[in-house]
Amino acid sequence: MLRLLMIADDFTGALDTGVQLAAHGIPTQVVVGQADLSACSSTVLVVDTETRHLPAAKAAKAVEELTRSAVENGVGCIYKKTDSALRGNIGAELAALLKASGARNLPFLPAFPQIGRTTEKGVHYIKGVPVNESPFGIDPFEPVRCAEVTKLIHLQTDVPAQSLQPGETAADKTGILVYDAATAADLEAAGQQLFQNGTPPVLAGCAGFAAFLPELLGLSDGSMVETPQLDPRLLVLCGSVNPITLRQMDTAEKAGFTRLRLTPRQKLEPGYWASADGKAALAEIEQMLAANPHCIIETNDAGDNQLTADYAAARGIDLDGLRVGISGSVGQMFGALFGSEHLGTLLLTGGDTLLQCMNSVGARELEPVCELESGIVLARFTYQGRTRYVITKSGGFGQEDLLVELADRIAKH
């Protein structure tokens with residue numbers, strides 16, 4: 001029976017939230033696009049609507065339709081998963097959920113204190129820095145312009161939104177209610193208050209608050225899923241431009257990872273990987289994988305991305321075309337390499353990259369298994385009779401030595 005529907009706007013976010021339930025052994029399914037709620041056999045269903053980059057009106061419509069379907073099918077609780085750095089169509093999607101559900105109010109807990117993302121006096125911080133002044137404020141595809149959460153919401157909707165301090169009750173309030181949380185204990189206390197009179201029909205937040213849902217919904221028996229044995233070979237496919245991920249790759253390269261940067265042509269020329277040059281490049285990548293246990297293939301130019309920007313400008317490719325083109329090319333490369341005997345455990349960073357890689361092998365569904373660290377998810381999928389494990393993460397997650405630590409842990413395990 002479907003007890004909880006989670007609605008995410010990108011693939012990595014769907015996984016880092018769904019795994020909060022799956023890691024407790026709760027049957028959890030993560031799918032992309034449309035979902036038949038009446039036929040779902042999982043306890044928890046996470047739907048990635050792929051609305052992060054859509055116009056606000058289209059994003060709102062997708063959330064509204066899914067919410068109405070959930071209400072019609074008697075789903076007890078709907079959780080709108082938001083980005084922990086507040087990227088995407090936050091206001092439009094929260095308003096759509098509230099309106100379509102018919103609920104009196106929508107408690108919104110955007111903080112993820114477990115990784116240093118807090119909400120204090122209504123302002124959202126990334127490790128103590130207002131989010132609009134952090135690297136997320138200069139994201140080339142989806143910059144966050146405002147750190148005051150209610151103001152950010154009101155950029156896209158006129159639905160009332162107000163901030164609540166720890167301990168303040170939501171019982172007599174309407175609209176979108178933004179909860180402060182500087183610590184995980186603040187999130188837990190807010191959850192206990194919200195659930196004291198039964199399960200709220202709608203909630204919103206990121207993986208931070210979702211970590212408490214197994215207990216609050218009475219779905220956990222206290223057990224945790226163990227990490228399975230993984231292939232010690234590790235291939236990192238990076239489509240993220242986040243400075244945090246760039247530092248992680250620099251650190252890994254210094255520790256001995258082999259690093260390959262794709263050229264502008266490889267990233268943006270349609271059909272490149274099926275061409276003679278593309279096939280020759282794939283053969284060289286195969287040789288690299290065979291000779292090196294730890295490899296990185298990334299989409300960033302050395303220094304900055306000016307070479308790719310110039311290449312795109314010369315061909316009339318705009319910013320959105322750049323994003324879609326690069327992730328699509330990485331997906332085609334991944335599909336060509338997928339059958340390689342030298343391909344071990346995969347780590348994919350960036351939601352667009354993950355989606356296109358899964359599309360290339362026809363996988364529209366992933367099963368989250370457990371967290372390797374906060375926000376670093378181990379998932380699996382089955383393709384042509386073979387189960388493959390993949391580690392996923394958002395570009396902004398993890399410490400600088402993350403890739404080195406994961407490689408060491410996988411090898412020892």
# chains A, B, ... in the order shown; residues from 1 in each chain; ligands from 1
>>> select_by_dssp(residues="region 156-252 of chain A", states="helix (DSSP H, G or I)", output="JSON, numbers by chain")
{"A": [184, 185, 186, 187, 188, 189, 190, 191, 192, 193, 194, 207, 208, 209, 210, 213, 214, 215, 216, 243, 244, 245, 246, 247, 248, 249, 250, 251, 252]}
>>> write_last_selection(atoms="C-alpha atoms", output="CSV table (one decimal), in the first residue's frame")
chain,number,residue,atom,x,y,z
A,184,ALA,CA,18.8,18.3,13.4
A,185,ALA,CA,17.2,18.5,16.8
A,186,ASP,CA,15.2,21.5,15.6
A,187,LEU,CA,13.9,19.4,12.7
A,188,GLU,CA,13.0,16.5,14.9
A,189,ALA,CA,11.2,18.7,17.4
A,190,ALA,CA,9.2,20.3,14.6
A,191,GLY,CA,8.3,16.9,13.2
A,192,GLN,CA,7.0,15.7,16.6
A,193,GLN,CA,4.9,18.8,16.9
A,194,LEU,CA,3.5,18.5,13.4
A,207,ALA,CA,16.4,15.1,2.7
A,208,GLY,CA,17.1,16.8,6.0
A,209,PHE,CA,13.6,16.5,7.4
A,210,ALA,CA,12.9,13.4,5.3
A,213,LEU,CA,9.8,10.5,8.4
A,214,PRO,CA,10.4,6.8,8.9
A,215,GLU,CA,9.9,7.3,12.7
A,216,LEU,CA,7.2,9.9,12.4
A,243,PRO,CA,33.0,24.5,-7.0
A,244,ILE,CA,32.6,21.8,-4.3
A,245,THR,CA,32.7,19.0,-6.9
A,246,LEU,CA,35.6,20.7,-8.7
A,247,ARG,CA,37.6,20.7,-5.5
A,248,GLN,CA,36.7,17.0,-4.9
A,249,MET,CA,38.1,16.1,-8.3
A,250,ASP,CA,41.3,18.1,-7.8
A,251,THR,CA,41.9,16.3,-4.5
A,252,ALA,CA,41.2,12.9,-6.2
>>> residues_around(residues="Ile115 (chain A)", least_positions_apart="2", cutoff="9 Å", atoms="only C-alpha atoms", output="VMD selection string")
chain A and resid 112 to 113 117 to 118 126 to 127 208 374 to 375 397 to 398
>>> write_last_selection(atoms="N, CA and C atoms", output="CSV table (one decimal), in the first residue's frame")
chain,number,residue,atom,x,y,z
A,112,PHE,N,18.8,21.6,6.0
A,112,PHE,CA,19.5,20.3,6.0
A,112,PHE,C,20.7,20.4,6.9
A,113,PRO,N,20.5,20.6,8.3
A,113,PRO,CA,21.6,20.9,9.2
A,113,PRO,C,22.7,19.8,9.2
A,117,ARG,N,23.4,23.1,6.2
A,117,ARG,CA,22.4,24.0,5.5
A,117,ARG,C,21.3,24.3,6.5
A,118,THR,N,21.2,25.6,6.9
A,118,THR,CA,20.3,25.9,8.0
A,118,THR,C,19.3,27.0,7.6
A,126,ILE,N,24.1,28.5,3.8
A,126,ILE,CA,25.0,27.3,3.4
A,126,ILE,C,26.3,27.5,4.3
A,127,LYS,N,26.4,26.7,5.3
A,127,LYS,CA,27.6,26.7,6.2
A,127,LYS,C,27.8,28.2,6.7
A,208,GLY,N,16.9,16.5,4.6
A,208,GLY,CA,17.1,16.8,6.0
A,208,GLY,C,16.0,16.4,6.9
A,374,SER,N,26.0,11.5,4.2
A,374,SER,CA,24.8,12.4,4.0
A,374,SER,C,24.8,12.9,2.6
A,375,GLY,N,23.7,12.6,1.9
A,375,GLY,CA,23.5,13.1,0.5
A,375,GLY,C,24.2,12.3,-0.5
A,397,PHE,N,27.3,18.5,-2.7
A,397,PHE,CA,27.4,17.6,-1.5
A,397,PHE,C,28.8,17.1,-1.4
A,398,GLY,N,29.2,16.9,-0.1
A,398,GLY,CA,30.4,16.1,0.2
A,398,GLY,C,31.6,17.0,0.5
>>> residues_around(residues="Ile297 (chain A)", least_positions_apart="6", cutoff="6 Å", atoms="only C-alpha atoms", output="ChimeraX atom specification")
/A:237,260-261
>>> atom_distance(atom1="CA of Ser329 (chain A)", atom2="CA of Gly351 (chain A)")
14.3 Å
>>> residues_around(residues="Asn73 (chain A)", least_positions_apart="2", cutoff="10 Å", atoms="only C-alpha atoms", output="mmCIF file with N, CA and C atoms, in the first residue's frame")
data_model
loop_
_atom_site.group_PDB
_atom_site.id
_atom_site.type_symbol
_atom_site.label_atom_id
_atom_site.label_comp_id
_atom_site.auth_asym_id
_atom_site.auth_seq_id
_atom_site.Cartn_x
_atom_site.Cartn_y
_atom_site.Cartn_z
ATOM 1 N N LEU A 2 0.540 2.221 -0.835
ATOM 2 C CA LEU A 2 1.309 3.456 -0.915
ATOM 3 C C LEU A 2 0.981 4.358 0.269
ATOM 4 N N ASP A 36 1.783 5.718 -12.326
ATOM 5 C CA ASP A 36 0.426 5.243 -12.076
ATOM 6 C C ASP A 36 0.303 4.920 -10.592
ATOM 7 N N LEU A 37 -0.235 5.841 -9.821
ATOM 8 C CA LEU A 37 -0.309 5.658 -8.374
ATOM 9 C C LEU A 37 -1.223 4.512 -7.992
ATOM 10 N N SER A 38 -2.235 4.261 -8.796
ATOM 11 C CA SER A 38 -3.177 3.193 -8.456
ATOM 12 C C SER A 38 -2.529 1.818 -8.565
ATOM 13 N N ALA A 39 -1.453 1.703 -9.340
ATOM 14 C CA ALA A 39 -0.805 0.405 -9.550
ATOM 15 C C ALA A 39 0.468 0.248 -8.729
ATOM 16 N N THR A 67 -0.345 15.750 -7.575
ATOM 17 C CA THR A 67 -1.001 15.891 -6.265
ATOM 18 C C THR A 67 -2.464 15.472 -6.342
ATOM 19 N N ARG A 68 -3.174 15.909 -7.374
ATOM 20 C CA ARG A 68 -4.583 15.525 -7.529
ATOM 21 C C ARG A 68 -4.724 14.012 -7.659
ATOM 22 N N SER A 69 -3.808 13.396 -8.395
ATOM 23 C CA SER A 69 -3.840 11.938 -8.532
ATOM 24 C C SER A 69 -3.629 11.260 -7.181
ATOM 25 N N ALA A 70 -2.715 11.815 -6.377
ATOM 26 C CA ALA A 70 -2.457 11.240 -5.053
ATOM 27 C C ALA A 70 -3.682 11.353 -4.148
ATOM 28 N N VAL A 71 -4.327 12.500 -4.185
ATOM 29 C CA VAL A 71 -5.540 12.689 -3.376
ATOM 30 C C VAL A 71 -6.631 11.719 -3.814
ATOM 31 N N VAL A 75 -3.688 8.580 -1.065
ATOM 32 C CA VAL A 75 -2.350 8.593 -0.465
ATOM 33 C C VAL A 75 -2.392 9.434 0.812
ATOM 34 N N GLY A 76 -1.916 8.879 1.902
ATOM 35 C CA GLY A 76 -2.060 9.534 3.200
ATOM 36 C C GLY A 76 -1.209 10.764 3.397
#
>>> closest_residue(among="A:Gly271, A:Pro368, A:Gly256, A:Gly321", to="Val404 (chain A)", atoms="only C-alpha atoms")
A:Gly256
>>> decode(residues="region 163-209 of chain A", atoms="N, CA and C atoms", output="PDB file, in the first residue's frame")
ATOM      1  N   SER A 163       7.218  32.903   8.194  1.00  0.00           N
ATOM      2  CA  SER A 163       8.251  32.150   8.905  1.00  0.00           C
ATOM      3  C   SER A 163       7.785  31.804  10.311  1.00  0.00           C
ATOM      4  N   LEU A 164       8.173  30.608  10.762  1.00  0.00           N
ATOM      5  CA  LEU A 164       7.873  30.162  12.115  1.00  0.00           C
ATOM      6  C   LEU A 164       9.171  29.889  12.852  1.00  0.00           C
ATOM      7  N   GLN A 165       9.239  30.327  14.104  1.00  0.00           N
ATOM      8  CA  GLN A 165      10.393  30.068  14.942  1.00  0.00           C
ATOM      9  C   GLN A 165      10.226  28.703  15.625  1.00  0.00           C
ATOM     10  N   PRO A 166      11.330  28.082  16.076  1.00  0.00           N
ATOM     11  CA  PRO A 166      11.228  26.795  16.772  1.00  0.00           C
ATOM     12  C   PRO A 166      10.224  26.861  17.924  1.00  0.00           C
ATOM     13  N   GLY A 167       9.335  25.886  17.982  1.00  0.00           N
ATOM     14  CA  GLY A 167       8.339  25.810  19.038  1.00  0.00           C
ATOM     15  C   GLY A 167       7.027  26.477  18.702  1.00  0.00           C
ATOM     16  N   GLU A 168       7.003  27.293  17.656  1.00  0.00           N
ATOM     17  CA  GLU A 168       5.774  27.988  17.278  1.00  0.00           C
ATOM     18  C   GLU A 168       4.835  27.010  16.568  1.00  0.00           C
ATOM     19  N   THR A 169       3.560  27.018  16.941  1.00  0.00           N
ATOM     20  CA  THR A 169       2.602  26.064  16.401  1.00  0.00           C
ATOM     21  C   THR A 169       2.002  26.547  15.086  1.00  0.00           C
ATOM     22  N   ALA A 170       1.625  25.559  14.238  1.00  0.00           N
ATOM     23  CA  ALA A 170       1.045  25.876  12.937  1.00  0.00           C
ATOM     24  C   ALA A 170      -0.464  25.697  12.916  1.00  0.00           C
ATOM     25  N   ALA A 171      -1.028  25.301  14.024  1.00  0.00           N
ATOM     26  CA  ALA A 171      -2.423  24.862  14.062  1.00  0.00           C
ATOM     27  C   ALA A 171      -3.405  25.894  13.525  1.00  0.00           C
ATOM     28  N   ASP A 172      -3.220  27.156  13.843  1.00  0.00           N
ATOM     29  CA  ASP A 172      -4.194  28.182  13.478  1.00  0.00           C
ATOM     30  C   ASP A 172      -3.758  29.021  12.273  1.00  0.00           C
ATOM     31  N   LYS A 173      -2.731  28.557  11.551  1.00  0.00           N
ATOM     32  CA  LYS A 173      -2.175  29.355  10.458  1.00  0.00           C
ATOM     33  C   LYS A 173      -2.525  28.751   9.095  1.00  0.00           C
ATOM     34  N   THR A 174      -2.541  29.593   8.073  1.00  0.00           N
ATOM     35  CA  THR A 174      -2.826  29.136   6.715  1.00  0.00           C
ATOM     36  C   THR A 174      -1.667  29.529   5.798  1.00  0.00           C
ATOM     37  N   GLY A 175      -1.641  28.913   4.619  1.00  0.00           N
ATOM     38  CA  GLY A 175      -0.609  29.224   3.634  1.00  0.00           C
ATOM     39  C   GLY A 175       0.630  28.362   3.807  1.00  0.00           C
ATOM     40  N   ILE A 176       1.749  28.837   3.266  1.00  0.00           N
ATOM     41  CA  ILE A 176       3.024  28.121   3.350  1.00  0.00           C
ATOM     42  C   ILE A 176       3.757  28.577   4.599  1.00  0.00           C
ATOM     43  N   LEU A 177       4.097  27.635   5.462  1.00  0.00           N
ATOM     44  CA  LEU A 177       4.707  27.943   6.752  1.00  0.00           C
ATOM     45  C   LEU A 177       6.163  27.492   6.740  1.00  0.00           C
ATOM     46  N   VAL A 178       7.086  28.439   6.781  1.00  0.00           N
ATOM     47  CA  VAL A 178       8.524  28.155   6.687  1.00  0.00           C
ATOM     48  C   VAL A 178       9.101  28.011   8.089  1.00  0.00           C
ATOM     49  N   TYR A 179       9.596  26.822   8.407  1.00  0.00           N
ATOM     50  CA  TYR A 179      10.122  26.531   9.735  1.00  0.00           C
ATOM     51  C   TYR A 179      11.623  26.799   9.809  1.00  0.00           C
ATOM     52  N   ASP A 180      12.047  27.469  10.865  1.00  0.00           N
ATOM     53  CA  ASP A 180      13.465  27.603  11.162  1.00  0.00           C
ATOM     54  C   ASP A 180      14.012  26.264  11.638  1.00  0.00           C
ATOM     55  N   ALA A 181      15.283  26.005  11.371  1.00  0.00           N
ATOM     56  CA  ALA A 181      15.966  24.837  11.929  1.00  0.00           C
ATOM     57  C   ALA A 181      17.465  25.054  11.783  1.00  0.00           C
ATOM     58  N   ALA A 182      18.148  25.205  12.915  1.00  0.00           N
ATOM     59  CA  ALA A 182      19.596  25.374  12.911  1.00  0.00           C
ATOM     60  C   ALA A 182      20.307  24.065  13.213  1.00  0.00           C
ATOM     61  N   THR A 183      19.558  23.093  13.756  1.00  0.00           N
ATOM     62  CA  THR A 183      20.135  21.790  14.102  1.00  0.00           C
ATOM     63  C   THR A 183      19.172  20.680  13.702  1.00  0.00           C
ATOM     64  N   ALA A 184      19.697  19.463  13.674  1.00  0.00           N
ATOM     65  CA  ALA A 184      18.841  18.314  13.408  1.00  0.00           C
ATOM     66  C   ALA A 184      17.794  18.155  14.500  1.00  0.00           C
ATOM     67  N   ALA A 185      18.159  18.528  15.725  1.00  0.00           N
ATOM     68  CA  ALA A 185      17.202  18.455  16.834  1.00  0.00           C
ATOM     69  C   ALA A 185      16.019  19.395  16.601  1.00  0.00           C
ATOM     70  N   ASP A 186      16.275  20.549  15.971  1.00  0.00           N
ATOM     71  CA  ASP A 186      15.177  21.465  15.637  1.00  0.00           C
ATOM     72  C   ASP A 186      14.208  20.809  14.658  1.00  0.00           C
ATOM     73  N   LEU A 187      14.743  20.108  13.652  1.00  0.00           N
ATOM     74  CA  LEU A 187      13.882  19.414  12.686  1.00  0.00           C
ATOM     75  C   LEU A 187      13.073  18.323  13.375  1.00  0.00           C
ATOM     76  N   GLU A 188      13.724  17.574  14.237  1.00  0.00           N
ATOM     77  CA  GLU A 188      13.037  16.478  14.934  1.00  0.00           C
ATOM     78  C   GLU A 188      11.913  17.023  15.812  1.00  0.00           C
ATOM     79  N   ALA A 189      12.187  18.103  16.533  1.00  0.00           N
ATOM     80  CA  ALA A 189      11.166  18.693  17.401  1.00  0.00           C
ATOM     81  C   ALA A 189       9.990  19.214  16.583  1.00  0.00           C
ATOM     82  N   ALA A 190      10.277  19.849  15.449  1.00  0.00           N
ATOM     83  CA  ALA A 190       9.197  20.345  14.587  1.00  0.00           C
ATOM     84  C   ALA A 190       8.360  19.180  14.068  1.00  0.00           C
ATOM     85  N   GLY A 191       9.019  18.088  13.714  1.00  0.00           N
ATOM     86  CA  GLY A 191       8.294  16.911  13.231  1.00  0.00           C
ATOM     87  C   GLY A 191       7.375  16.331  14.280  1.00  0.00           C
ATOM     88  N   GLN A 192       7.860  16.231  15.503  1.00  0.00           N
ATOM     89  CA  GLN A 192       7.033  15.687  16.582  1.00  0.00           C
ATOM     90  C   GLN A 192       5.816  16.570  16.831  1.00  0.00           C
ATOM     91  N   GLN A 193       6.003  17.868  16.730  1.00  0.00           N
ATOM     92  CA  GLN A 193       4.879  18.790  16.908  1.00  0.00           C
ATOM     93  C   GLN A 193       3.870  18.643  15.772  1.00  0.00           C
ATOM     94  N   LEU A 194       4.354  18.545  14.538  1.00  0.00           N
ATOM     95  CA  LEU A 194       3.470  18.452  13.379  1.00  0.00           C
ATOM     96  C   LEU A 194       2.668  17.157  13.366  1.00  0.00           C
ATOM     97  N   PHE A 195       3.248  16.078  13.901  1.00  0.00           N
ATOM     98  CA  PHE A 195       2.597  14.765  13.860  1.00  0.00           C
ATOM     99  C   PHE A 195       1.857  14.418  15.152  1.00  0.00           C
ATOM    100  N   GLN A 196       1.792  15.338  16.111  1.00  0.00           N
ATOM    101  CA  GLN A 196       1.206  14.979  17.407  1.00  0.00           C
ATOM    102  C   GLN A 196      -0.292  14.688  17.324  1.00  0.00           C
ATOM    103  N   ASN A 197      -0.954  15.222  16.304  1.00  0.00           N
ATOM    104  CA  ASN A 197      -2.389  14.958  16.144  1.00  0.00           C
ATOM    105  C   ASN A 197      -2.690  14.149  14.885  1.00  0.00           C
ATOM    106  N   GLY A 198      -1.713  13.368  14.446  1.00  0.00           N
ATOM    107  CA  GLY A 198      -1.895  12.563  13.246  1.00  0.00           C
ATOM    108  C   GLY A 198      -0.974  13.021  12.129  1.00  0.00           C
ATOM    109  N   THR A 199      -1.009  12.306  11.018  1.00  0.00           N
ATOM    110  CA  THR A 199      -0.129  12.600   9.882  1.00  0.00           C
ATOM    111  C   THR A 199      -0.640  13.793   9.091  1.00  0.00           C
ATOM    112  N   PRO A 200       0.193  14.832   8.908  1.00  0.00           N
ATOM    113  CA  PRO A 200      -0.228  15.959   8.063  1.00  0.00           C
ATOM    114  C   PRO A 200      -0.408  15.478   6.617  1.00  0.00           C
ATOM    115  N   PRO A 201      -1.404  15.979   5.900  1.00  0.00           N
ATOM    116  CA  PRO A 201      -1.616  15.514   4.522  1.00  0.00           C
ATOM    117  C   PRO A 201      -0.527  15.965   3.567  1.00  0.00           C
ATOM    118  N   VAL A 202       0.089  17.125   3.824  1.00  0.00           N
ATOM    119  CA  VAL A 202       1.157  17.625   2.956  1.00  0.00           C
ATOM    120  C   VAL A 202       2.287  18.190   3.807  1.00  0.00           C
ATOM    121  N   LEU A 203       3.500  17.998   3.307  1.00  0.00           N
ATOM    122  CA  LEU A 203       4.706  18.528   3.940  1.00  0.00           C
ATOM    123  C   LEU A 203       5.678  18.891   2.829  1.00  0.00           C
ATOM    124  N   ALA A 204       6.684  19.690   3.148  1.00  0.00           N
ATOM    125  CA  ALA A 204       7.717  20.011   2.165  1.00  0.00           C
ATOM    126  C   ALA A 204       9.047  20.206   2.863  1.00  0.00           C
ATOM    127  N   GLY A 205      10.103  19.898   2.145  1.00  0.00           N
ATOM    128  CA  GLY A 205      11.452  20.039   2.678  1.00  0.00           C
ATOM    129  C   GLY A 205      12.414  19.241   1.828  1.00  0.00           C
ATOM    130  N   CYS A 206      13.635  19.100   2.312  1.00  0.00           N
ATOM    131  CA  CYS A 206      14.630  18.328   1.560  1.00  0.00           C
ATOM    132  C   CYS A 206      14.908  17.017   2.293  1.00  0.00           C
ATOM    133  N   ALA A 207      16.072  16.420   2.030  1.00  0.00           N
ATOM    134  CA  ALA A 207      16.415  15.149   2.672  1.00  0.00           C
ATOM    135  C   ALA A 207      16.616  15.315   4.170  1.00  0.00           C
ATOM    136  N   GLY A 208      16.917  16.550   4.618  1.00  0.00           N
ATOM    137  CA  GLY A 208      17.142  16.774   6.047  1.00  0.00           C
ATOM    138  C   GLY A 208      15.961  16.377   6.893  1.00  0.00           C
ATOM    139  N   PHE A 209      14.768  16.883   6.592  1.00  0.00           N
ATOM    140  CA  PHE A 209      13.582  16.523   7.362  1.00  0.00           C
ATOM    141  C   PHE A 209      13.091  15.123   7.000  1.00  0.00           C
TER     142      PHE A 209
END
